[in-house]
>>> print(open('entry_4.txt').read())   # compact mmCIF, C-alpha atoms and all ligand atoms
# COMPACT_ATOMS: atom_id res chain seq x y z
CA MET L 1 0.00 0.00 0.00
CA ASN L 2 0.98 3.56 -0.58
CA SER L 3 1.64 5.30 2.74
CA ASP L 4 -0.92 8.04 2.08
CA SER L 5 -4.43 6.67 2.72
CA ASN L 6 -5.21 3.26 1.27
CA ARG L 7 -4.16 4.08 -2.27
CA LYS L 8 -2.26 1.36 -4.07
CA HIS L 9 0.92 1.57 -6.10
CA ASN L 10 -0.59 2.07 -9.54
CA PHE L 11 1.62 1.15 -12.51
CA SER L 12 -1.20 1.49 -15.06
CA ALA L 13 -0.22 2.53 -18.59
CA GLY L 14 -3.01 5.08 -18.79
CA PRO L 15 -5.36 6.25 -17.51
CA CYS L 16 -3.03 6.13 -14.57
CA THR L 17 -1.94 7.58 -11.26
CA LEU L 18 -2.57 11.30 -10.82
CA PRO L 19 -1.14 13.44 -8.03
CA LEU L 20 -3.09 12.75 -4.85
CA GLU L 21 -3.20 16.43 -3.92
CA VAL L 22 -4.80 17.21 -7.29
CA LEU L 23 -7.48 14.57 -6.75
CA ARG L 24 -8.16 15.92 -3.28
CA GLN L 25 -8.45 19.52 -4.47
CA ALA L 26 -10.83 18.51 -7.23
CA GLN L 27 -12.90 16.54 -4.74
CA GLN L 28 -13.06 19.49 -2.38
CA GLU L 29 -14.30 21.98 -4.94
CA PHE L 30 -16.31 19.59 -7.08
CA VAL L 31 -19.87 20.21 -5.91
CA ASP L 32 -19.67 23.95 -5.35
CA TYR L 33 -17.01 25.55 -7.52
CA GLN L 34 -15.64 28.70 -5.85
CA GLY L 35 -18.96 29.49 -4.20
CA ALA L 36 -20.88 29.51 -7.50
CA GLY L 37 -23.45 27.07 -6.14
CA MET L 38 -22.74 24.62 -8.94
CA SER L 39 -19.96 22.40 -10.17
CA LEU L 40 -17.55 23.59 -12.85
CA ILE L 41 -18.85 20.82 -15.11
CA GLU L 42 -22.37 22.18 -14.76
CA MET L 43 -21.48 25.65 -16.05
CA SER L 44 -21.26 27.17 -19.49
CA HIS L 45 -17.85 26.76 -21.04
CA ARG L 46 -18.16 30.41 -22.10
CA GLY L 47 -18.71 31.71 -18.57
CA LYS L 48 -16.13 33.53 -16.45
CA HIS L 49 -15.24 30.56 -14.26
CA PHE L 50 -14.35 28.17 -17.03
CA ASP L 51 -12.75 30.89 -19.10
CA ALA L 52 -10.31 31.56 -16.27
CA VAL L 53 -9.58 27.84 -15.95
CA ALA L 54 -8.90 27.43 -19.68
CA VAL L 55 -6.77 30.56 -20.00
CA GLU L 56 -4.67 29.51 -17.03
CA ALA L 57 -4.22 25.94 -18.29
CA MET L 58 -3.07 27.25 -21.67
CA ALA L 59 -0.58 29.68 -20.17
CA LEU L 60 0.75 27.12 -17.70
CA SER L 61 1.14 24.46 -20.36
CA MET L 62 3.37 26.79 -22.39
CA GLU L 63 5.32 27.77 -19.30
CA VAL L 64 5.82 24.35 -17.71
CA PHE L 65 6.66 22.59 -20.99
CA GLN L 66 8.98 25.50 -21.96
CA VAL L 67 7.23 26.02 -25.28
CA PRO L 68 8.40 28.96 -27.40
CA ASP L 69 5.93 31.72 -28.30
CA ASP L 70 5.74 30.74 -31.93
CA PHE L 71 3.61 27.76 -30.93
CA SER L 72 -0.05 27.63 -29.93
CA VAL L 73 -1.63 25.06 -27.68
CA LEU L 74 -4.89 23.32 -28.55
CA PHE L 75 -7.14 21.22 -26.33
CA LEU L 76 -9.13 18.85 -28.54
CA GLN L 77 -11.34 15.85 -28.08
CA GLY L 78 -10.74 12.53 -29.80
CA GLY L 79 -7.55 11.60 -27.95
CA ALA L 80 -4.19 11.11 -29.59
CA MET L 81 -5.79 8.82 -32.10
CA LEU L 82 -7.81 11.51 -33.86
CA GLN L 83 -4.50 13.27 -34.41
CA PHE L 84 -3.29 10.26 -36.41
CA SER L 85 -5.82 11.43 -39.03
CA MET L 86 -5.83 15.20 -38.46
CA ILE L 87 -2.09 15.50 -39.01
CA PRO L 88 -1.99 14.22 -42.61
CA MET L 89 -5.37 15.83 -43.38
CA ASN L 90 -4.13 19.27 -42.36
CA LEU L 91 -0.43 19.18 -43.15
CA LEU L 92 -0.10 17.29 -46.44
CA THR L 93 -0.78 19.52 -49.43
CA HIS L 94 0.28 19.73 -53.09
CA GLY L 95 1.79 16.29 -53.56
CA GLN L 96 3.75 16.35 -50.32
CA LYS L 97 4.56 13.12 -48.53
CA GLY L 98 4.50 12.17 -44.90
CA ALA L 99 7.44 10.13 -43.60
CA TYR L 100 6.89 7.84 -40.62
CA VAL L 101 9.18 5.91 -38.30
CA ASN L 102 7.53 2.62 -37.53
CA SER L 103 8.74 2.06 -33.99
CA GLY L 104 5.95 -0.19 -32.75
CA ALA L 105 2.25 -0.45 -32.04
CA TRP L 106 1.41 3.24 -31.78
CA ALA L 107 3.53 4.36 -34.72
CA ASP L 108 1.89 1.60 -36.71
CA GLY L 109 -1.51 3.02 -35.79
CA ALA L 110 -0.44 6.48 -36.91
CA ILE L 111 0.76 5.06 -40.25
CA THR L 112 -2.43 3.07 -40.80
CA ASP L 113 -4.63 6.12 -40.31
CA ALA L 114 -2.41 8.50 -42.27
CA LYS L 115 -2.50 6.22 -45.29
CA ALA L 116 -6.21 6.96 -45.65
CA TYR L 117 -5.44 10.64 -46.25
CA GLY L 118 -2.14 11.09 -48.00
CA ASP L 119 1.01 9.85 -49.60
CA ILE L 120 2.74 8.16 -46.69
CA TYR L 121 5.93 6.15 -46.51
CA THR L 122 7.86 4.37 -43.80
CA ALA L 123 11.31 5.93 -43.46
CA TRP L 124 12.45 3.19 -41.09
CA ASP L 125 10.78 0.03 -39.88
CA GLY L 126 11.64 -1.52 -36.53
CA ALA L 127 9.85 -4.79 -37.34
CA GLU L 128 13.13 -6.53 -38.22
CA ASN L 129 14.43 -6.13 -34.69
CA ASN L 130 11.03 -6.67 -33.11
CA TYR L 131 10.74 -2.98 -32.19
CA THR L 132 13.48 -3.10 -29.58
CA ARG L 133 15.22 0.11 -30.60
CA MET L 134 14.79 3.42 -32.38
CA PRO L 135 16.65 4.29 -35.60
CA THR L 136 19.75 6.41 -35.89
CA SER L 137 19.43 9.43 -38.18
CA ALA L 138 21.64 7.71 -40.76
CA GLU L 139 19.15 4.84 -41.01
CA LEU L 140 16.23 7.06 -42.01
CA ALA L 141 15.41 6.65 -45.70
CA MET L 142 13.97 10.07 -46.46
CA GLN L 143 12.39 10.83 -49.85
CA ASP L 144 12.01 14.05 -51.81
CA HIS L 145 8.90 16.20 -51.25
CA THR L 146 8.53 15.09 -47.64
CA ARG L 147 6.50 17.52 -45.54
CA TYR L 148 7.30 16.02 -42.11
CA LEU L 149 8.81 13.08 -40.30
CA HIS L 150 6.41 11.58 -37.77
CA ILE L 151 7.95 9.97 -34.72
CA THR L 152 6.46 8.32 -31.66
CA THR L 153 8.94 9.63 -29.15
CA ASN L 154 8.07 6.91 -26.62
CA GLU L 155 6.35 3.64 -27.50
CA THR L 156 4.06 2.87 -24.59
CA ILE L 157 3.72 -0.84 -25.35
CA GLY L 158 7.25 -1.65 -26.52
CA GLY L 159 8.94 0.49 -23.86
CA ILE L 160 11.35 2.24 -26.23
CA ARG L 161 12.11 5.91 -26.68
CA PHE L 162 14.17 8.18 -28.87
CA ALA L 163 17.19 9.09 -26.76
CA GLU L 164 18.72 11.08 -29.66
CA TRP L 165 16.43 13.26 -31.76
CA PRO L 166 16.50 12.53 -35.50
CA GLU L 167 18.58 14.90 -37.61
CA VAL L 168 16.59 15.41 -40.81
CA ASP L 169 15.94 18.26 -43.23
CA VAL L 170 12.19 18.31 -42.59
CA PRO L 171 10.19 19.28 -39.51
CA LEU L 172 9.31 16.62 -36.96
CA VAL L 173 5.80 15.75 -35.84
CA GLY L 174 5.88 13.96 -32.50
CA ASP L 175 3.45 11.73 -30.66
CA VAL L 176 4.63 12.29 -27.10
CA SER L 177 1.57 10.73 -25.42
CA SER L 178 3.44 8.53 -22.97
CA GLU L 179 6.20 10.93 -22.04
CA TYR L 180 4.32 14.21 -22.16
CA MET L 181 6.02 16.83 -20.01
CA ALA L 182 8.54 14.32 -18.71
CA ARG L 183 11.42 15.58 -20.81
CA ARG L 184 12.55 18.73 -22.61
CA LEU L 185 11.95 18.90 -26.34
CA PRO L 186 14.09 20.57 -29.02
CA TRP L 187 11.20 22.77 -30.17
CA GLU L 188 13.11 24.13 -33.14
CA LYS L 189 12.90 20.69 -34.75
CA PHE L 190 9.12 20.33 -34.39
CA ASP L 191 6.11 21.67 -36.28
CA LEU L 192 3.65 19.78 -34.14
CA VAL L 193 3.70 17.86 -30.87
CA TYR L 194 0.69 15.95 -29.60
CA GLY L 195 -0.56 13.35 -27.19
CA GLY L 196 -3.47 12.10 -25.15
CA ALA L 197 -3.81 13.63 -21.69
CA GLN L 198 -4.49 10.43 -19.79
CA LYS L 199 -0.93 9.64 -18.73
CA ASN L 200 1.12 12.56 -17.45
CA LEU L 201 -1.44 15.34 -17.89
CA GLY L 202 -4.78 14.37 -16.36
CA PRO L 203 -7.87 12.30 -17.02
CA ALA L 204 -8.77 10.82 -20.40
CA GLY L 205 -10.89 12.82 -22.80
CA MET L 206 -8.58 15.21 -24.58
CA ALA L 207 -5.50 15.58 -26.69
CA VAL L 208 -3.06 18.41 -26.09
CA ILE L 209 -1.46 19.72 -29.26
CA PHE L 210 1.31 22.26 -29.69
CA ILE L 211 1.41 23.59 -33.22
CA ARG L 212 3.82 26.02 -34.86
CA LYS L 213 1.73 29.10 -35.65
CA SER L 214 3.38 29.81 -39.00
CA ILE L 215 2.25 26.50 -40.50
CA LEU L 216 -1.41 27.36 -39.95
CA GLU L 217 -1.34 29.60 -43.00
CA HIS L 218 -0.67 26.57 -45.18
CA THR L 219 -2.90 23.88 -43.69
CA ASN L 220 -5.75 22.38 -45.71
CA ARG L 221 -9.06 24.20 -45.60
CA ASP L 222 -11.27 21.68 -47.40
CA LEU L 223 -12.03 19.72 -44.26
CA GLY L 224 -14.95 19.47 -41.88
CA ARG L 225 -14.53 22.36 -39.46
CA TYR L 226 -13.73 20.30 -36.37
CA LEU L 227 -10.86 18.71 -38.30
CA ARG L 228 -9.12 22.03 -39.04
CA TYR L 229 -6.25 23.14 -36.81
CA ASP L 230 -6.55 26.75 -38.01
CA ILE L 231 -10.15 26.97 -36.76
CA HIS L 232 -9.32 25.56 -33.35
CA GLU L 233 -6.36 27.87 -33.00
CA ALA L 234 -8.31 30.96 -34.01
CA SER L 235 -11.03 30.14 -31.48
CA GLY L 236 -8.67 29.36 -28.60
CA SER L 237 -9.90 25.74 -28.53
CA MET L 238 -13.45 27.04 -27.99
CA PHE L 239 -14.80 26.26 -31.45
CA ASN L 240 -17.18 23.78 -29.89
CA THR L 241 -17.70 22.68 -26.29
CA PRO L 242 -14.23 21.81 -25.09
CA PRO L 243 -13.43 18.91 -22.75
CA VAL L 244 -14.04 21.02 -19.65
CA PHE L 245 -13.23 18.49 -16.95
CA PRO L 246 -9.92 17.30 -18.49
CA ILE L 247 -8.85 20.92 -19.02
CA TYR L 248 -9.66 21.76 -15.40
CA MET L 249 -7.72 18.75 -14.11
CA PHE L 250 -4.82 19.44 -16.47
CA GLY L 251 -4.52 22.94 -15.02
CA LYS L 252 -4.23 21.46 -11.55
CA VAL L 253 -1.65 18.88 -12.68
CA LEU L 254 0.38 21.70 -14.25
CA LYS L 255 0.36 23.64 -10.99
CA TRP L 256 1.47 20.48 -9.20
CA MET L 257 4.32 19.99 -11.70
CA LYS L 258 5.40 23.58 -11.26
CA LYS L 259 5.45 23.15 -7.50
CA GLN L 260 7.61 20.04 -7.85
CA GLY L 261 10.22 22.05 -9.77
CA GLY L 262 8.80 21.92 -13.30
CA LEU L 263 10.13 20.05 -16.29
CA ALA L 264 13.68 19.74 -14.96
CA ALA L 265 12.36 18.05 -11.81
CA MET L 266 10.15 15.72 -13.87
CA GLU L 267 13.18 14.75 -15.99
CA THR L 268 15.29 14.03 -12.94
CA LEU L 269 12.53 12.00 -11.32
CA ALA L 270 11.96 9.99 -14.50
CA ALA L 271 15.67 9.16 -14.75
CA GLU L 272 15.80 8.16 -11.08
CA LYS L 273 12.67 6.03 -11.14
CA SER L 274 13.44 4.25 -14.39
CA GLY L 275 17.08 3.86 -13.30
CA ALA L 276 15.97 2.06 -10.14
CA LEU L 277 13.84 -0.42 -12.09
CA TYR L 278 16.42 -1.07 -14.82
CA ARG L 279 18.94 -1.68 -12.04
CA ALA L 280 16.57 -4.20 -10.46
CA ILE L 281 16.42 -5.94 -13.85
CA ASP L 282 20.14 -5.73 -14.65
CA ASP L 283 21.21 -6.84 -11.16
CA SER L 284 18.97 -9.92 -11.22
CA ASP L 285 21.54 -12.15 -12.90
CA GLY L 286 19.29 -12.65 -15.89
CA TYR L 287 16.17 -13.52 -13.89
CA TYR L 288 14.43 -10.44 -15.23
CA THR L 289 15.15 -9.42 -18.80
CA CYS L 290 14.33 -6.27 -20.71
CA PRO L 291 14.21 -6.81 -24.49
CA VAL L 292 14.93 -3.15 -25.27
CA GLU L 293 18.37 -1.96 -26.36
CA VAL L 294 19.89 -0.11 -23.41
CA ALA L 295 20.21 3.26 -25.16
CA CYS L 296 16.52 3.24 -26.12
CA ARG L 297 15.02 2.19 -22.81
CA SER L 298 11.89 4.14 -21.97
CA GLN L 299 11.87 6.21 -18.82
CA MET L 300 8.08 5.90 -18.55
CA ASN L 301 7.19 2.33 -19.51
CA VAL L 302 9.60 -0.30 -18.22
CA VAL L 303 8.94 -3.68 -19.87
CA PHE L 304 10.41 -6.91 -18.58
CA ARG L 305 10.07 -10.67 -18.71
CA LEU L 306 10.57 -13.41 -16.14
CA PRO L 307 12.12 -16.83 -16.87
CA SER L 308 8.73 -18.37 -17.76
CA GLU L 309 5.11 -17.42 -18.32
CA GLN L 310 4.13 -19.39 -15.20
CA LEU L 311 6.49 -17.28 -13.14
CA GLU L 312 5.07 -14.15 -14.75
CA GLN L 313 1.56 -15.19 -13.71
CA LYS L 314 2.76 -15.81 -10.18
CA PHE L 315 4.62 -12.50 -10.14
CA LEU L 316 1.53 -10.61 -11.28
CA SER L 317 -0.77 -12.23 -8.78
CA GLU L 318 1.58 -11.91 -5.80
CA SER L 319 2.50 -8.32 -6.62
CA ALA L 320 -1.18 -7.38 -6.75
CA GLN L 321 -1.70 -8.98 -3.34
CA VAL L 322 0.77 -6.52 -1.84
CA GLY L 323 -0.75 -3.51 -3.60
CA LEU L 324 1.54 -3.30 -6.65
CA MET L 325 -1.14 -2.97 -9.31
CA ASN L 326 -1.39 -3.13 -13.10
CA LEU L 327 1.98 -4.66 -13.89
CA LYS L 328 0.72 -6.89 -16.70
CA GLY L 329 2.30 -6.19 -20.08
CA HIS L 330 0.07 -5.12 -22.97
CA ARG L 331 -2.06 -8.00 -24.21
CA SER L 332 -0.32 -7.87 -27.61
CA VAL L 333 3.16 -8.59 -26.19
CA GLY L 334 2.65 -10.25 -22.80
CA GLY L 335 5.24 -10.11 -20.02
CA CYS L 336 5.28 -7.31 -17.47
CA ARG L 337 5.26 -3.56 -17.76
CA ALA L 338 5.62 -0.92 -15.08
CA SER L 339 4.38 2.46 -16.23
CA ILE L 340 5.98 5.03 -13.99
CA TYR L 341 4.50 8.34 -15.05
CA ASN L 342 5.25 11.70 -13.45
CA ALA L 343 2.74 11.39 -10.62
CA LEU L 344 3.85 7.93 -9.51
CA PRO L 345 5.91 8.46 -6.35
CA LYS L 346 9.49 7.19 -6.18
CA SER L 347 8.41 5.18 -3.12
CA SER L 348 6.14 3.08 -5.38
CA VAL L 349 9.09 2.28 -7.63
CA ASP L 350 11.23 1.39 -4.61
CA ALA L 351 8.47 -0.92 -3.36
CA LEU L 352 8.40 -2.64 -6.74
CA ALA L 353 12.18 -2.99 -6.94
CA GLU L 354 12.19 -4.56 -3.48
CA PHE L 355 9.37 -6.92 -4.43
CA MET L 356 11.27 -7.95 -7.58
CA ALA L 357 14.39 -8.81 -5.59
CA ASP L 358 12.40 -10.83 -3.04
CA PHE L 359 10.44 -12.62 -5.73
CA SER L 360 13.53 -13.73 -7.63
CA ASP L 361 15.12 -14.93 -4.38
CA ASN L 362 12.05 -16.95 -3.46
CA ASN L 363 11.12 -18.40 -6.84
CA ALA L 364 13.89 -20.36 -8.48
CA ARG L 365 13.97 -20.44 -12.26
CA THR L 366 13.44 -24.18 -12.31
CA ASN L 367 10.03 -23.67 -10.68
CA GLY L 368 8.74 -22.35 -13.99
N1 LIG Z 401 -0.03 7.15 -28.97
C1 LIG Z 401 0.56 6.58 -27.91
C2 LIG Z 401 2.06 6.59 -27.81
C3 LIG Z 401 -0.22 6.01 -26.90
O1 LIG Z 401 0.36 5.45 -25.83
C4 LIG Z 401 -1.63 6.03 -27.02
C5 LIG Z 401 -2.54 5.47 -25.95
N2 LIG Z 401 -1.99 4.63 -25.05
C6 LIG Z 401 -2.18 6.61 -28.16
C7 LIG Z 401 -1.37 7.17 -29.10
C8 LIG Z 401 -3.68 6.66 -28.35
O2 LIG Z 401 -4.16 7.60 -27.48
P1 LIG Z 401 -5.71 7.88 -27.24
O3 LIG Z 401 -6.24 6.70 -26.53
O4 LIG Z 401 -5.70 9.14 -26.45
O5 LIG Z 401 -6.36 8.07 -28.58
>>> encode(input="entry_4.txt", output="C-alpha cells", more="lines below")
Ligand code: PMP
Amino acid sequence: MNSDSNRKHNFSAGPCTLPLEVLRQAQQEFVDYQGAGMSLIEMSHRGKHFDAVAVEAMALSMEVFQVPDDFSVLFLQGGAMLQFSMIPMNLLTHGQKGAYVNSGAWADGAITDAKAYGDIYTAWDGAENNYTRMPTSAELAMQDHTRYLHITTNETIGGIRFAEWPEVDVPLVGDVSSEYMARRLPWEKFDLVYGGAQKNLGPAGMAVIFIRKSILEHTNRDLGRYLRYDIHEASGSMFNTPPVFPIYMFGKVLKWMKKQGGLAAMETLAAEKSGALYRAIDDSDGYYTCPVEVACRSQMNVVFRLPSEQLEQKFLSESAQVGLMNLKGHRSVGGCRASIYNALPKSSVDALAEFMADFSDNNARTNG
C-alpha cells in the first residue's frame, strides 16, 4: 500500500496515477465551484469561471513545458488517435509526402490512419528487430517532397524511446503521449507535438497539441470544421464545447508539476525512477530481462520478462496482493510492464524494486 491513505501503487499505462493532492483539491471543490453554487462541469464553457480555468491551463502548459511563443496550444477531443488522421489531413498539401518511423504499435496506428489521407511512406521500420530500438538518423530513408517526419517519441507498449532526436531536413511531428512533459523537447525541430492527456497530464478525454503558428497559414481548408487546426487555434480551442473536466484537471496537474520544480524536476525524477527499475532488472543475474536496447530504454514504460510465463503469472498475482497494481504487459506482447509516469511516487518504484528482488530470491527459475 501507498503510505498516504489506502491508495495502491498504480503502474497502469493510462489512464493512470494522478497526483493525490490534485485529486483531493478537485474533490473538495467539485460540488460547489468557488462558491458559485454549482460544479464547474455544470457551467457554461463560455462563462467567467471556465474561461479563467482554460486561459490559465493554456498559459501554464506553455510555461511548464517550456514552449516557445511561436507555438499555440490546442485542447481537442478525440484523444491522440484523432491526431493520427488530423495530421496528414491538415499538413499534407500539393503532392507532399508524410514520412513515418515505424517504432511499434502506436507508430503503426499512426501510419495506418495516415494512409487513408495522404502519400505516406515508412522511413524506417523496426519490425526486423522486433521494435526493440529506435533508428539512428543515418538509417532514415527520407524521400524528396517530404512535408514532415512523424515519430512516436516513446512507444508505450514496446517500452522504447528516442534518446537522440532525429537529424533530418524536414520538420518533426511527434506523438509524445506517454512521455508528455517528462522531458525537454528541441522545439526548433518540431512543427507539431501531440498526445493524449491520460498519462502525465490528467484524465482521459482530450489531446493536447502544440502547433507552430506559422504553418497554420498553409494547412488544408477543405475539411470538416472540427478537423481544421486553423479553426481551433483561431477560437482558442473554444470552437465547440471543449473537454471542460480534463482541461480543469490538467490545469491542476500543471500547478502540481510547477510546484515540484517543473520540467527539470520531472526529468530528474523519471531518470531516477526508471534507473531504479532497470537496475533491479540488470542486477537480477538474468532472472528479469528487458528486451529493449539499453540506449533506447523508456523512462516511462519499463517492460520486462521473467524466466517463464508461469512465473510471470505468479509475479503478477503476488504483486497485486501486496498492492503493486497493473503490472501486466500489454495484451499484444505479454510479459510485465511498469508504467511510472510523473505522478507515480518514487516510493512506489522502490516498493516494486524490493518486491522484484524478493520474488527472484524466493522463486527459483526451475520452478517455472
Ligand atoms: N499514442 C501513444 C504513444 C499512446 O500510448 C496512445 C494510448 N496509449 C495513443 C497514441 C492513443 O491515445 P488515445 O487513446 O488518447 O487516442
>>> residues_near_ligand(input="entry_4.txt", ligand="ligand LIG 401 (chain Z)", cutoff="8 Å", atoms="all atoms listed in the file", output="list in words")
Ala13, Gly14, Gly78, Gly79, Ala80, Met81, Leu82, Trp106, Ala107, Gly109, Ala110, Thr152, Thr153, Asn154, Glu155, Thr156, Ile157, Asp175, Val176, Ser177, Ser178, Gly195, Gly196, Ala197, Gln198, Ala204, Gly205, Met206 and Ala207 of chain L
>>> closest_residue(input="entry_4.txt", among="L:Leu263, L:Met89, L:Leu316, L:Val244", to="Ala54 (chain L)", atoms="all atoms listed in the file")
L:Val244
>>> atom_distance(input="entry_4.txt", atom1="CA of Phe75 (chain L)", atom2="CA of Val208 (chain L)")
5.0 Å
>>> closest_residue(input="entry_4.txt", among="L:Gln77, L:Arg184, L:Val22, L:Lys48", to="Gly262 (chain L)", atoms="all atoms listed in the file")
L:Arg184
>>> closest_residue(input="entry_4.txt", among="L:Leu92, L:Leu216, L:Ser39, L:Pro203", to="Pro243 (chain L)", atoms="all atoms listed in the file")
L:Pro203
>>> closest_residue(input="entry_4.txt", among="L:Glu42, L:Gly95, L:Lys346, L:Val55", to="Thr268 (chain L)", atoms="all atoms listed in the file")
L:Lys346
>>> closest_residue(input="entry_4.txt", among="L:Leu149, L:Ala357, L:Leu254, L:Leu227", to="Phe65 (chain L)", atoms="all atoms listed in the file")
L:Leu254
>>> atom_distance(input="entry_4.txt", atom1="CA of Val64 (chain L)", atom2="CA of Arg183 (chain L)")
10.9 Å
>>> decode(input="entry_4.txt", residues="region 128-140 of chain L", atoms="N, CA, C and O atoms", output="mmCIF file, in the first residue's frame")
data_model
loop_
_atom_site.group_PDB
_atom_site.id
_atom_site.type_symbol
_atom_site.label_atom_id
_atom_site.label_comp_id
_atom_site.auth_asym_id
_atom_site.auth_seq_id
_atom_site.Cartn_x
_atom_site.Cartn_y
_atom_site.Cartn_z
ATOM 1 N N GLU L 128 12.023 -5.555 -38.117
ATOM 2 C CA GLU L 128 13.130 -6.530 -38.224
ATOM 3 C C GLU L 128 13.758 -6.842 -36.870
ATOM 4 O O GLU L 128 14.221 -7.951 -36.653
ATOM 5 N N ASN L 129 13.833 -5.845 -36.007
ATOM 6 C CA ASN L 129 14.434 -6.131 -34.694
ATOM 7 C C ASN L 129 13.360 -6.197 -33.605
ATOM 8 O O ASN L 129 13.639 -5.998 -32.432
ATOM 9 N N ASN L 130 12.138 -6.500 -34.053
ATOM 10 C CA ASN L 130 11.027 -6.669 -33.112
ATOM 11 C C ASN L 130 10.787 -5.422 -32.251
ATOM 12 O O ASN L 130 10.409 -5.533 -31.089
ATOM 13 N N TYR L 131 11.024 -4.270 -32.846
ATOM 14 C CA TYR L 131 10.740 -2.982 -32.189
ATOM 15 C C TYR L 131 11.457 -2.825 -30.853
ATOM 16 O O TYR L 131 10.877 -2.378 -29.868
ATOM 17 N N THR L 132 12.726 -3.199 -30.831
ATOM 18 C CA THR L 132 13.478 -3.097 -29.577
ATOM 19 C C THR L 132 14.410 -1.896 -29.554
ATOM 20 O O THR L 132 15.173 -1.724 -28.606
ATOM 21 N N ARG L 133 14.391 -1.104 -30.620
ATOM 22 C CA ARG L 133 15.216 0.106 -30.602
ATOM 23 C C ARG L 133 14.637 1.132 -31.570
ATOM 24 O O ARG L 133 13.779 0.807 -32.388
ATOM 25 N N MET L 134 15.144 2.359 -31.452
ATOM 26 C CA MET L 134 14.785 3.425 -32.382
ATOM 27 C C MET L 134 15.902 3.550 -33.421
ATOM 28 O O MET L 134 17.028 3.108 -33.173
ATOM 29 N N PRO L 135 15.607 4.165 -34.564
ATOM 30 C CA PRO L 135 16.652 4.288 -35.596
ATOM 31 C C PRO L 135 17.655 5.397 -35.291
ATOM 32 O O PRO L 135 17.338 6.336 -34.548
ATOM 33 N N THR L 136 18.837 5.273 -35.872
ATOM 34 C CA THR L 136 19.751 6.413 -35.887
ATOM 35 C C THR L 136 19.329 7.299 -37.061
ATOM 36 O O THR L 136 18.608 6.839 -37.960
ATOM 37 N N SER L 137 19.794 8.528 -37.073
ATOM 38 C CA SER L 137 19.426 9.427 -38.180
ATOM 39 C C SER L 137 19.898 8.857 -39.507
ATOM 40 O O SER L 137 19.210 8.965 -40.530
ATOM 41 N N ALA L 138 21.077 8.234 -39.506
ATOM 42 C CA ALA L 138 21.639 7.707 -40.756
ATOM 43 C C ALA L 138 20.768 6.598 -41.341
ATOM 44 O O ALA L 138 20.802 6.345 -42.541
ATOM 45 N N GLU L 139 19.981 5.951 -40.514
ATOM 46 C CA GLU L 139 19.153 4.840 -41.010
ATOM 47 C C GLU L 139 17.831 5.304 -41.630
ATOM 48 O O GLU L 139 17.096 4.493 -42.184
ATOM 49 N N LEU L 140 17.518 6.580 -41.503
ATOM 50 C CA LEU L 140 16.228 7.059 -42.008
ATOM 51 C C LEU L 140 16.300 7.248 -43.525
ATOM 52 O O LEU L 140 17.135 7.997 -44.018
#
